[in-house]
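> Let me begin by handing over the structure; questions about it come next.
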Amino acid sequence: MSHITAGIDVGGTFTDLLLQDAEGRVRLAKVPTTTANQADGVLAAIAAAGSSPAELDLIIHGTTATTNAVLERKLSRVGLITTAGFRDVLELGRRTRPHPYGLKGTFEPLVPREWRREVAERMDARGAAVTPLDEEAVAREVRALLAEGCEALVVHFLHAYANPAHERRAGEIARAIWPNDYVTLGHELLSEFREYERGTTAAVNAAVQPILDRYITRLQAQLAAQGHRRELLVMNGNGGTVPARLVAREAAKTVMSGPASGVMAAAATLAQSGLRNAITYDMGGTSTDVALIAGGVPEVSAELSIAYGLPIHLPMVDVRTVGAGGGSIAGLDRAGMFRVGPESAGSLPGPICFGRGGTRPTITDANLVLGRLDPARLLAVRDAVPVEAVRAAFAAQIGAPLGMSVEQAAEATLRLANVHMAGAIRMVSLSRGHDPRDFCLFAFGGAGPLHAVALAREIGIPMVLVPARPGLTNALGCLVADLRQDAVNTLNRGLDDISAEEITETLTAQRDRALAVVAADSAEIERTEVLHAADMQFRGQTHLIRVALPRIDMTRPEIQAAFEAAYFARFQVQLPEVRAVLVNLTTTVIGRRRAFPLSALLDPAERGGEARVGERDLYAEGSWHRATVWQRERLAEGARIAGPAIIQQADATTVLEPRSEAVVDAIGNLRITVLP
């Protein structure tokens, strides 16, 4: 039976699609993102790939809808009902500041104070009821918040992770009154201690729930109108997928959907390339995302902060983002300081060279001026702009005020952007005790391969790996992603005070709940994996160490020994006299889908043809060089290219600077050696 699958990633600038047909052939599409209604861009990408929704058996979708909503604060109106005396927890936070130096900066909580209401109730940290729930007050405040125009509701009570009885009852009362399904109970989303982080996570979920639900509903309706009869799978931030019917219930889990898909594609590529360690570097049109893969496994964190004061304590691929993308604007601020980003030209008006009305120089424009991009091969150009017009903008807005030539101004733009991106790479590597020299730089995104060699040299990374389709890697991540469910419960007690039976019972319940969700889509699954872990610390400490639990029935001495070994591996310190505390128990259930053969991304009929297509002037390291130009799709396995060179393809351009050399491997990756 034929099975046609499409992976679609909606980015800030482009919507990317990879489609695998029944014969295993791959079709590609890259179209501008339709900001007003992203569903239109999804349908346009399907059409551009020469297909239709009626032909597709499965669509896996990565979206930035919730991420952008939070970053831009274009959110739904949320009401909060909480324990008497704790309405300001979301605003007080952890006494941090938006800027570490100087008494400046402001913070606006997701739920304004007038929509945060208190009711009498109280549980203690052990789950014992101290004050009964005032049910009449709950009903009264729910109606008041509805009258204020709130669209979504959060019920967040103190210590509900230990005993959710009051939250559940308040939820029953609220759902009987609330006119829609946008009611979030804190313990249902995150059964973990720390009221601030749990409350903020629930508030983010409620704030994006209506936005995601409307988008997915609209997208499915438009797909159905064109004949699609299957349910979407949507990428979550943990690197797995979830059926569309369930995704809005835990909408906060999609906040890092787009970046996570790229990391999962990188992990799949490394596995098929015989590599295990990489720093992923995804530079798109709006921002750059970096993450770390050690031993073939992407790092997952439950302590993500998407912006100041907005921690989201849900398991997500640990991605760091900086505002440096192809559309990042370069120029002088009011103090005369030269800056690149975080302000972006986006897809509209876009860089100057796109001819869509942009007038301010961007990173893409700088790459064009320096010969790194071919003006005849730019995507999404509306009205072609002469290179001289782009050069004039650099001369007037940057070169003249700073006393630089056009080339110096453009190169300074790239150098400063690279400094920002290098900082993010150091955050995921050096700051966690990893030596970047032990990793390759996995460069993708529409702009990543343009900067990768210079960036690797800046940091000291010896090798760059550019996948076969770098500009479509996030869409590939959707194709290779597995179904995944994560569960967490807080115990927060000394290990000596917890019985082995309680640990086993908690892990068993987590496993059974997650298996039930994954099993609902068993048609897409080849095998199922269950992973258990514990978040632990020594008494008196605040940081947590995640300890893998290979068996569900481990004894307390076995868990203690596993924790001490993990602690020593991280800090090279032994503390035998201090008691261990078991804070959280976690379970991950992964439904593994059929593996996608990455060699299918390249057409074997094209490989081995005449790949050298010309020469072009390339400005690098302060001077002009004559660079050879190569067509990526025609490069045969084992082909070697020495820099300076430019390797072009439909979805990206790779720049080999002087003192670098690329070799094409068996599945079409460029393995680039970077010399100091």
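Identifiers in this document derive from the order of the structure tokens: chains are assigned A, B, ..., residues are numbered from 1 separately in each chain, and ligands are numbered from 1 in order of occurrence.
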Taking 4 positions as the minimum chain separation for residues in the same chain, which residues sit within 9 Å of region 133-136 of chain A when counting only C-alpha atoms? Answer as JSON, numbers by chain.

{"A": [119, 120, 121, 122, 140, 141, 166, 169, 170, 173]}

> Using the selection just defined, write its residues with C-alpha atoms as a tab-separated table (two decimals), in the first residue's frame.


chain	number	residue	atom	x	y	z
A	119	VAL	CA	-9.76	31.84	47.03
A	120	ALA	CA	-9.49	30.23	50.43
A	121	GLU	CA	-7.80	26.79	50.35
A	122	ARG	CA	-4.51	25.32	51.48
A	140	ARG	CA	-17.78	33.60	41.97
A	141	GLU	CA	-14.26	34.38	40.74
A	166	HIS	CA	-8.53	21.02	45.64
A	169	ARG	CA	-12.55	20.15	42.48
A	170	ALA	CA	-11.98	23.77	41.47
A	173	ILE	CA	-16.55	23.90	39.14

> I want to know what sits within 10 Å of region 175-180 of chain A, based on only C-alpha atoms, with residues of the same chain fewer than 2 positions away left out; could you give that as a PyMOL selection string?

chain A and resi 139+142-143+145-146+150-153+169-173+182-184+210

> Selected residues, N, CA and C atoms, written as a PDB file, in the first residue's frame, please.


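See again-v5.pdb below for the written result:
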ATOM      1  N   ALA A 139     -16.532  29.587  42.187  1.00  0.00           N
ATOM      2  CA  ALA A 139     -17.558  29.885  41.185  1.00  0.00           C
ATOM      3  C   ALA A 139     -17.697  31.387  40.983  1.00  0.00           C
ATOM      4  N   VAL A 142     -14.644  32.717  38.999  1.00  0.00           N
ATOM      5  CA  VAL A 142     -14.691  32.266  37.602  1.00  0.00           C
ATOM      6  C   VAL A 142     -15.628  33.157  36.809  1.00  0.00           C
ATOM      7  N   ARG A 143     -16.818  33.434  37.357  1.00  0.00           N
ATOM      8  CA  ARG A 143     -17.772  34.297  36.648  1.00  0.00           C
ATOM      9  C   ARG A 143     -17.223  35.711  36.499  1.00  0.00           C
ATOM     10  N   LEU A 145     -14.069  36.615  36.225  1.00  0.00           N
ATOM     11  CA  LEU A 145     -13.038  36.623  35.181  1.00  0.00           C
ATOM     12  C   LEU A 145     -13.664  36.530  33.789  1.00  0.00           C
ATOM     13  N   LEU A 146     -14.734  35.769  33.665  1.00  0.00           N
ATOM     14  CA  LEU A 146     -15.450  35.737  32.385  1.00  0.00           C
ATOM     15  C   LEU A 146     -15.996  37.107  32.033  1.00  0.00           C
ATOM     16  N   CYS A 150     -11.852  37.338  29.963  1.00  0.00           N
ATOM     17  CA  CYS A 150     -10.796  36.329  29.884  1.00  0.00           C
ATOM     18  C   CYS A 150     -11.252  35.167  28.998  1.00  0.00           C
ATOM     19  N   GLU A 151     -10.332  34.696  28.157  1.00  0.00           N
ATOM     20  CA  GLU A 151     -10.636  33.607  27.235  1.00  0.00           C
ATOM     21  C   GLU A 151     -10.150  32.270  27.758  1.00  0.00           C
ATOM     22  N   ALA A 152      -9.115  32.273  28.589  1.00  0.00           N
ATOM     23  CA  ALA A 152      -8.545  31.045  29.142  1.00  0.00           C
ATOM     24  C   ALA A 152      -8.382  31.207  30.643  1.00  0.00           C
ATOM     25  N   LEU A 153      -8.372  30.085  31.353  1.00  0.00           N
ATOM     26  CA  LEU A 153      -8.341  30.106  32.810  1.00  0.00           C
ATOM     27  C   LEU A 153      -7.273  29.150  33.326  1.00  0.00           C
ATOM     28  N   ARG A 169     -11.183  19.705  42.187  1.00  0.00           N
ATOM     29  CA  ARG A 169     -12.548  20.151  42.482  1.00  0.00           C
ATOM     30  C   ARG A 169     -12.794  21.539  41.917  1.00  0.00           C
ATOM     31  N   ALA A 170     -11.825  22.436  42.052  1.00  0.00           N
ATOM     32  CA  ALA A 170     -11.976  23.769  41.473  1.00  0.00           C
ATOM     33  C   ALA A 170     -12.104  23.677  39.955  1.00  0.00           C
ATOM     34  N   GLY A 171     -11.366  22.740  39.350  1.00  0.00           N
ATOM     35  CA  GLY A 171     -11.468  22.543  37.908  1.00  0.00           C
ATOM     36  C   GLY A 171     -12.849  22.077  37.495  1.00  0.00           C
ATOM     37  N   GLU A 172     -13.458  21.190  38.284  1.00  0.00           N
ATOM     38  CA  GLU A 172     -14.815  20.731  37.981  1.00  0.00           C
ATOM     39  C   GLU A 172     -15.803  21.892  38.019  1.00  0.00           C
ATOM     40  N   ILE A 173     -15.659  22.747  39.028  1.00  0.00           N
ATOM     41  CA  ILE A 173     -16.553  23.901  39.143  1.00  0.00           C
ATOM     42  C   ILE A 173     -16.342  24.852  37.973  1.00  0.00           C
ATOM     43  N   TYR A 182     -10.606  25.845  27.410  1.00  0.00           N
ATOM     44  CA  TYR A 182      -9.312  26.422  27.763  1.00  0.00           C
ATOM     45  C   TYR A 182      -9.197  26.629  29.269  1.00  0.00           C
ATOM     46  N   VAL A 183      -9.207  25.531  30.001  1.00  0.00           N
ATOM     47  CA  VAL A 183      -9.030  25.548  31.452  1.00  0.00           C
ATOM     48  C   VAL A 183      -7.815  24.679  31.772  1.00  0.00           C
ATOM     49  N   THR A 184      -6.795  25.279  32.358  1.00  0.00           N
ATOM     50  CA  THR A 184      -5.558  24.568  32.679  1.00  0.00           C
ATOM     51  C   THR A 184      -5.440  24.388  34.182  1.00  0.00           C
ATOM     52  N   PRO A 210      -5.611  28.960  23.147  1.00  0.00           N
ATOM     53  CA  PRO A 210      -6.568  29.358  22.104  1.00  0.00           C
ATOM     54  C   PRO A 210      -5.894  29.634  20.763  1.00  0.00           C
TER      55      PRO A 210
END

> Using only C-alpha atoms, which of A:Val517, A:Asp512, A:Val26, A:Phe394 sits nearest Arg245 (chain A)?

A:Val517

> Please identify all polymer residues within 12 Å of Arg94 (chain A), counting only C-alpha atoms, omitting same-chain residues fewer than 2 positions from it, and present them as a ChimeraX atom specification.

/A:88-92,96-98,194-197,200,308-311

> May I have the residues from that selection written out with all heavy atoms, as a short mmCIF file (atom, residue, chain, number, x, y, z; two decimals), in the first residue's frame?


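That gives us again05.cif:
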data_model
loop_
_atom_site.label_atom_id
_atom_site.label_comp_id
_atom_site.auth_asym_id
_atom_site.auth_seq_id
_atom_site.Cartn_x
_atom_site.Cartn_y
_atom_site.Cartn_z
N ASP A 88 0.52 37.07 43.84
CA ASP A 88 1.65 37.80 43.26
C ASP A 88 2.88 36.93 43.02
O ASP A 88 3.94 37.45 42.65
CB ASP A 88 2.03 38.98 44.16
CG ASP A 88 0.95 40.04 44.20
OD1 ASP A 88 0.31 40.27 43.14
OD2 ASP A 88 0.71 40.61 45.27
N VAL A 89 2.76 35.62 43.21
CA VAL A 89 3.91 34.74 43.01
C VAL A 89 4.45 34.86 41.59
O VAL A 89 5.68 34.92 41.37
CB VAL A 89 3.52 33.28 43.32
CG1 VAL A 89 4.55 32.31 42.74
CG2 VAL A 89 3.41 33.07 44.81
N LEU A 90 3.58 34.92 40.57
CA LEU A 90 4.04 34.98 39.19
C LEU A 90 4.79 36.28 38.89
O LEU A 90 5.56 36.34 37.93
CB LEU A 90 2.86 34.87 38.22
CG LEU A 90 2.03 33.58 38.28
CD1 LEU A 90 1.05 33.55 37.12
CD2 LEU A 90 2.92 32.36 38.25
N GLU A 91 4.56 37.30 39.69
CA GLU A 91 5.23 38.59 39.45
C GLU A 91 6.50 38.72 40.29
O GLU A 91 7.49 39.31 39.83
CB GLU A 91 4.27 39.73 39.76
CG GLU A 91 4.70 41.05 39.19
CD GLU A 91 3.56 42.04 39.07
OE1 GLU A 91 2.41 41.66 39.31
OE2 GLU A 91 3.84 43.20 38.72
N LEU A 92 6.50 38.16 41.49
CA LEU A 92 7.68 38.25 42.35
C LEU A 92 8.81 37.38 41.82
O LEU A 92 9.98 37.74 41.87
CB LEU A 92 7.32 37.83 43.78
CG LEU A 92 6.36 38.77 44.52
CD1 LEU A 92 5.96 38.16 45.85
CD2 LEU A 92 7.00 40.13 44.73
N THR A 96 15.26 37.84 40.40
CA THR A 96 16.26 38.14 39.38
C THR A 96 15.91 39.46 38.72
O THR A 96 14.89 40.07 39.00
CB THR A 96 16.32 37.02 38.33
OG1 THR A 96 15.04 36.89 37.73
CG2 THR A 96 16.73 35.70 38.96
N ARG A 97 16.78 39.92 37.80
CA ARG A 97 16.55 41.18 37.11
C ARG A 97 16.68 40.97 35.60
O ARG A 97 17.44 40.12 35.15
CB ARG A 97 17.59 42.23 37.55
CG ARG A 97 17.44 42.64 39.00
CD ARG A 97 18.53 43.62 39.39
NE ARG A 97 19.85 42.99 39.37
CZ ARG A 97 20.98 43.61 39.72
NH1 ARG A 97 20.94 44.86 40.10
NH2 ARG A 97 22.14 42.98 39.67
N PRO A 98 15.95 41.78 34.82
CA PRO A 98 16.06 41.65 33.36
C PRO A 98 17.48 41.87 32.87
O PRO A 98 17.92 41.25 31.91
CB PRO A 98 15.11 42.72 32.82
CG PRO A 98 14.16 42.98 33.94
CD PRO A 98 14.94 42.77 35.20
N ARG A 194 7.82 23.81 43.33
CA ARG A 194 8.18 25.18 42.96
C ARG A 194 6.97 25.87 42.31
O ARG A 194 6.71 25.72 41.14
CB ARG A 194 9.40 25.25 42.03
CG ARG A 194 10.69 24.80 42.70
CD ARG A 194 11.85 24.85 41.74
NE ARG A 194 13.10 24.51 42.39
CZ ARG A 194 14.12 23.88 41.80
NH1 ARG A 194 14.02 23.52 40.54
NH2 ARG A 194 15.22 23.61 42.46
N GLU A 195 6.26 26.61 43.16
CA GLU A 195 4.99 27.19 42.73
C GLU A 195 5.17 28.23 41.63
O GLU A 195 4.31 28.40 40.77
CB GLU A 195 4.24 27.80 43.92
CG GLU A 195 4.88 29.01 44.56
CD GLU A 195 6.00 28.66 45.53
OE1 GLU A 195 6.30 27.46 45.68
OE2 GLU A 195 6.58 29.58 46.13
N TYR A 196 6.30 28.96 41.63
CA TYR A 196 6.51 29.99 40.61
C TYR A 196 6.66 29.35 39.23
O TYR A 196 5.96 29.72 38.28
CB TYR A 196 7.75 30.81 40.97
CG TYR A 196 8.25 31.70 39.87
CD1 TYR A 196 7.43 32.65 39.27
CD2 TYR A 196 9.56 31.60 39.41
CE1 TYR A 196 7.89 33.47 38.24
CE2 TYR A 196 10.04 32.41 38.40
CZ TYR A 196 9.21 33.34 37.82
OH TYR A 196 9.67 34.15 36.81
N GLU A 197 7.57 28.39 39.11
CA GLU A 197 7.80 27.76 37.81
C GLU A 197 6.58 26.98 37.34
O GLU A 197 6.22 27.00 36.16
CB GLU A 197 9.02 26.83 37.88
CG GLU A 197 10.36 27.55 37.95
CD GLU A 197 10.73 28.06 39.34
OE1 GLU A 197 9.95 27.79 40.29
OE2 GLU A 197 11.77 28.71 39.48
N THR A 200 3.95 29.63 36.25
CA THR A 200 4.29 30.27 34.98
C THR A 200 4.08 29.32 33.81
O THR A 200 3.58 29.72 32.75
CB THR A 200 5.74 30.77 35.01
OG1 THR A 200 5.91 31.67 36.09
CG2 THR A 200 6.10 31.48 33.72
N TYR A 308 12.78 36.53 29.73
CA TYR A 308 12.96 36.88 31.15
C TYR A 308 11.63 36.72 31.90
O TYR A 308 10.60 37.20 31.48
CB TYR A 308 13.45 38.32 31.30
CG TYR A 308 13.46 38.74 32.75
CD1 TYR A 308 14.46 38.29 33.61
CD2 TYR A 308 12.45 39.54 33.28
CE1 TYR A 308 14.46 38.63 34.94
CE2 TYR A 308 12.44 39.89 34.61
CZ TYR A 308 13.45 39.44 35.45
OH TYR A 308 13.44 39.77 36.76
N GLY A 309 11.70 36.01 33.02
CA GLY A 309 10.52 35.84 33.85
C GLY A 309 9.53 34.82 33.34
O GLY A 309 8.42 34.72 33.88
N LEU A 310 9.90 34.04 32.32
CA LEU A 310 8.98 33.06 31.75
C LEU A 310 9.62 31.67 31.70
O LEU A 310 9.86 31.11 30.62
CB LEU A 310 8.53 33.48 30.35
CG LEU A 310 7.65 34.71 30.25
CD1 LEU A 310 7.31 35.01 28.80
CD2 LEU A 310 6.37 34.54 31.07
N PRO A 311 9.92 31.08 32.87
CA PRO A 311 10.42 29.70 32.86
C PRO A 311 9.31 28.73 32.49
O PRO A 311 8.16 28.89 32.93
CB PRO A 311 10.89 29.49 34.30
CG PRO A 311 10.04 30.42 35.11
CD PRO A 311 9.79 31.62 34.24
#

> With only C-alpha atoms as the counted atoms, please give the residues lying no more than 8 Å from Val204 (chain A), apart from itself and same-chain residues fewer than 5 positions off, as a PyMOL selection string.

chain A and resi 70+110+252+310+312

> Would you please work out which residue, of A:Ser623, A:Gln631, A:Thr528, A:Ser347, is nearest to Ala36 (chain A) when using only C-alpha atoms?

A:Ser347

> With only C-alpha atoms as the basis for distance, which of A:Glu621, A:Glu637, A:Glu114, A:Asp535 is at the shortest distance from Arg457 (chain A)?

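Closest candidate: A:Glu621.
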
> Counting only C-alpha atoms, what is within 12 Å of Ala481 (chain A), bar same-chain residues fewer than 3 positions away, as an MDAnalysis selection string?

chainID A and resid 6:8 59:62 233:242 257:258 260:268 473:478 484 524:525 590:596

> For region 329-342 of chain A, work out the shell of residues within 12 Å, counting only C-alpha atoms and skipping chain neighbours fewer than 5 positions away, then give it as JSON, numbers by chain.

{"A": [285, 286, 287, 288, 321, 322, 323, 324, 349, 350, 351, 352, 358, 359, 360, 361, 362, 363, 364, 365, 366, 393, 394, 395, 396, 397, 398, 399, 400, 401, 402, 409, 410, 411, 412, 413, 414, 415, 416, 417, 418, 419, 420, 421]}

> DSSP says strand (DSSP E) for which residues of region 266-359 of chain A? Put them as a PyMOL selection string?

chain A and resi 278-283+288-294+297-298+300-301+304-305+311-312+316-317+320-322+328-332+338-344

> Taking N, CA and C atoms for each residue, export the selection above as a short mmCIF file (atom, residue, chain, number, x, y, z; two decimals), in the first residue's frame.


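Everything below was put into selection29.cif:
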data_model
loop_
_atom_site.label_atom_id
_atom_site.label_comp_id
_atom_site.auth_asym_id
_atom_site.auth_seq_id
_atom_site.Cartn_x
_atom_site.Cartn_y
_atom_site.Cartn_z
N ALA A 278 27.97 16.44 18.47
CA ALA A 278 27.84 17.61 17.60
C ALA A 278 27.21 18.76 18.36
N ILE A 279 27.59 19.95 17.94
CA ILE A 279 26.89 21.17 18.35
C ILE A 279 26.06 21.60 17.15
N THR A 280 24.75 21.61 17.31
CA THR A 280 23.88 21.96 16.19
C THR A 280 23.78 23.48 16.08
N TYR A 281 23.82 23.95 14.86
CA TYR A 281 23.86 25.39 14.59
C TYR A 281 22.88 25.68 13.46
N ASP A 282 21.73 26.21 13.82
CA ASP A 282 20.63 26.45 12.89
C ASP A 282 20.44 27.96 12.74
N MET A 283 20.91 28.50 11.63
CA MET A 283 20.75 29.93 11.37
C MET A 283 19.71 30.11 10.27
N THR A 288 19.04 32.41 15.41
CA THR A 288 19.94 31.26 15.38
C THR A 288 19.70 30.41 16.62
N ASP A 289 19.56 29.10 16.42
CA ASP A 289 19.35 28.17 17.52
C ASP A 289 20.52 27.22 17.59
N VAL A 290 21.04 26.99 18.80
CA VAL A 290 22.14 26.05 18.98
C VAL A 290 21.77 25.07 20.09
N ALA A 291 22.26 23.85 19.95
CA ALA A 291 22.02 22.81 20.95
C ALA A 291 23.19 21.85 20.93
N LEU A 292 23.21 20.93 21.89
CA LEU A 292 24.33 20.00 22.01
C LEU A 292 23.81 18.57 21.96
N ILE A 293 24.49 17.75 21.15
CA ILE A 293 24.20 16.31 21.07
C ILE A 293 25.45 15.58 21.53
N ALA A 294 25.35 14.85 22.62
CA ALA A 294 26.48 14.11 23.17
C ALA A 294 26.14 12.63 23.17
N VAL A 297 22.73 11.58 21.62
CA VAL A 297 21.47 11.91 22.27
C VAL A 297 21.37 13.43 22.49
N PRO A 298 20.35 14.09 21.95
CA PRO A 298 20.17 15.53 22.21
C PRO A 298 19.92 15.78 23.69
N VAL A 300 18.17 17.23 26.77
CA VAL A 300 16.81 17.66 27.08
C VAL A 300 16.83 18.28 28.46
N SER A 301 16.17 19.42 28.60
CA SER A 301 16.13 20.12 29.87
C SER A 301 14.69 20.42 30.24
N LEU A 304 13.71 25.35 30.89
CA LEU A 304 13.82 26.33 29.82
C LEU A 304 13.21 27.65 30.25
N SER A 305 13.87 28.75 29.88
CA SER A 305 13.28 30.08 30.01
C SER A 305 13.22 30.68 28.62
N PRO A 311 9.92 31.08 32.87
CA PRO A 311 10.42 29.70 32.86
C PRO A 311 9.31 28.73 32.49
N ILE A 312 9.63 27.75 31.66
CA ILE A 312 8.68 26.71 31.29
C ILE A 312 9.30 25.38 31.70
N MET A 316 12.07 19.68 27.31
CA MET A 316 12.24 20.17 25.95
C MET A 316 13.70 20.04 25.54
N VAL A 317 13.93 19.88 24.24
CA VAL A 317 15.30 19.89 23.73
C VAL A 317 15.95 21.20 24.15
N ARG A 320 19.42 26.99 22.75
CA ARG A 320 19.67 28.40 23.07
C ARG A 320 19.50 29.22 21.80
N THR A 321 18.81 30.33 21.92
CA THR A 321 18.48 31.15 20.76
C THR A 321 19.07 32.55 20.89
N VAL A 322 19.63 33.07 19.80
CA VAL A 322 20.08 34.46 19.75
C VAL A 322 19.45 35.12 18.54
N SER A 328 18.50 39.77 10.23
CA SER A 328 18.89 40.67 11.32
C SER A 328 19.46 41.97 10.76
N ILE A 329 19.00 43.07 11.30
CA ILE A 329 19.34 44.39 10.76
C ILE A 329 20.64 44.90 11.39
N ALA A 330 21.51 45.43 10.54
CA ALA A 330 22.77 46.02 10.99
C ALA A 330 22.68 47.54 10.88
N GLY A 331 23.23 48.21 11.87
CA GLY A 331 23.21 49.67 11.82
C GLY A 331 23.69 50.28 13.11
N LEU A 332 23.63 51.58 13.21
CA LEU A 332 24.09 52.31 14.38
C LEU A 332 22.89 52.66 15.25
N PHE A 338 27.68 50.39 16.81
CA PHE A 338 27.33 49.49 15.72
C PHE A 338 26.72 48.22 16.29
N ARG A 339 25.54 47.84 15.82
CA ARG A 339 24.84 46.67 16.32
C ARG A 339 24.30 45.84 15.17
N VAL A 340 24.20 44.53 15.42
CA VAL A 340 23.57 43.60 14.48
C VAL A 340 22.53 42.81 15.25
N GLY A 341 21.23 42.96 14.86
CA GLY A 341 20.15 42.30 15.56
C GLY A 341 19.94 42.92 16.94
N PRO A 342 19.01 42.42 17.76
CA PRO A 342 18.09 41.32 17.43
C PRO A 342 16.93 41.72 16.51
N GLU A 343 16.79 43.02 16.21
CA GLU A 343 15.70 43.43 15.33
C GLU A 343 15.89 42.79 13.95
N SER A 344 14.81 42.26 13.41
CA SER A 344 14.88 41.55 12.14
C SER A 344 13.93 42.15 11.13
#

> Quick one, how far is CA of Thr508 (chain A) from CA of Ala487 (chain A)?

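So the answer is 10.9 Å.
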
> Determine which residues of region 425-578 of chain A receive a DSSP assignment of helix (DSSP H, G or I), computed from the backbone, and state them as JSON, numbers by chain.

{"A": [425, 426, 427, 428, 430, 431, 432, 436, 437, 438, 448, 449, 450, 451, 452, 453, 454, 455, 456, 457, 458, 459, 470, 471, 472, 473, 474, 475, 476, 477, 478, 479, 480, 495, 496, 497, 500, 501, 502, 503, 504, 505, 506, 507, 508, 509, 510, 511, 512, 513, 514, 515, 516, 517, 518, 519, 522, 523, 524, 556, 557, 558, 559, 560, 561, 562, 563, 564, 565, 566, 567, 568, 569, 570, 571]}

> Check the smallest atom-to-atom distance from each of A:Pro676, A:Gly423, A:Gln408, A:Ser599 to Gly460 (chain A) using only C-alpha atoms, then report the winner.

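When distances to Gly460 (chain A) are compared using only C-alpha atoms, the smallest one comes from A:Pro676.
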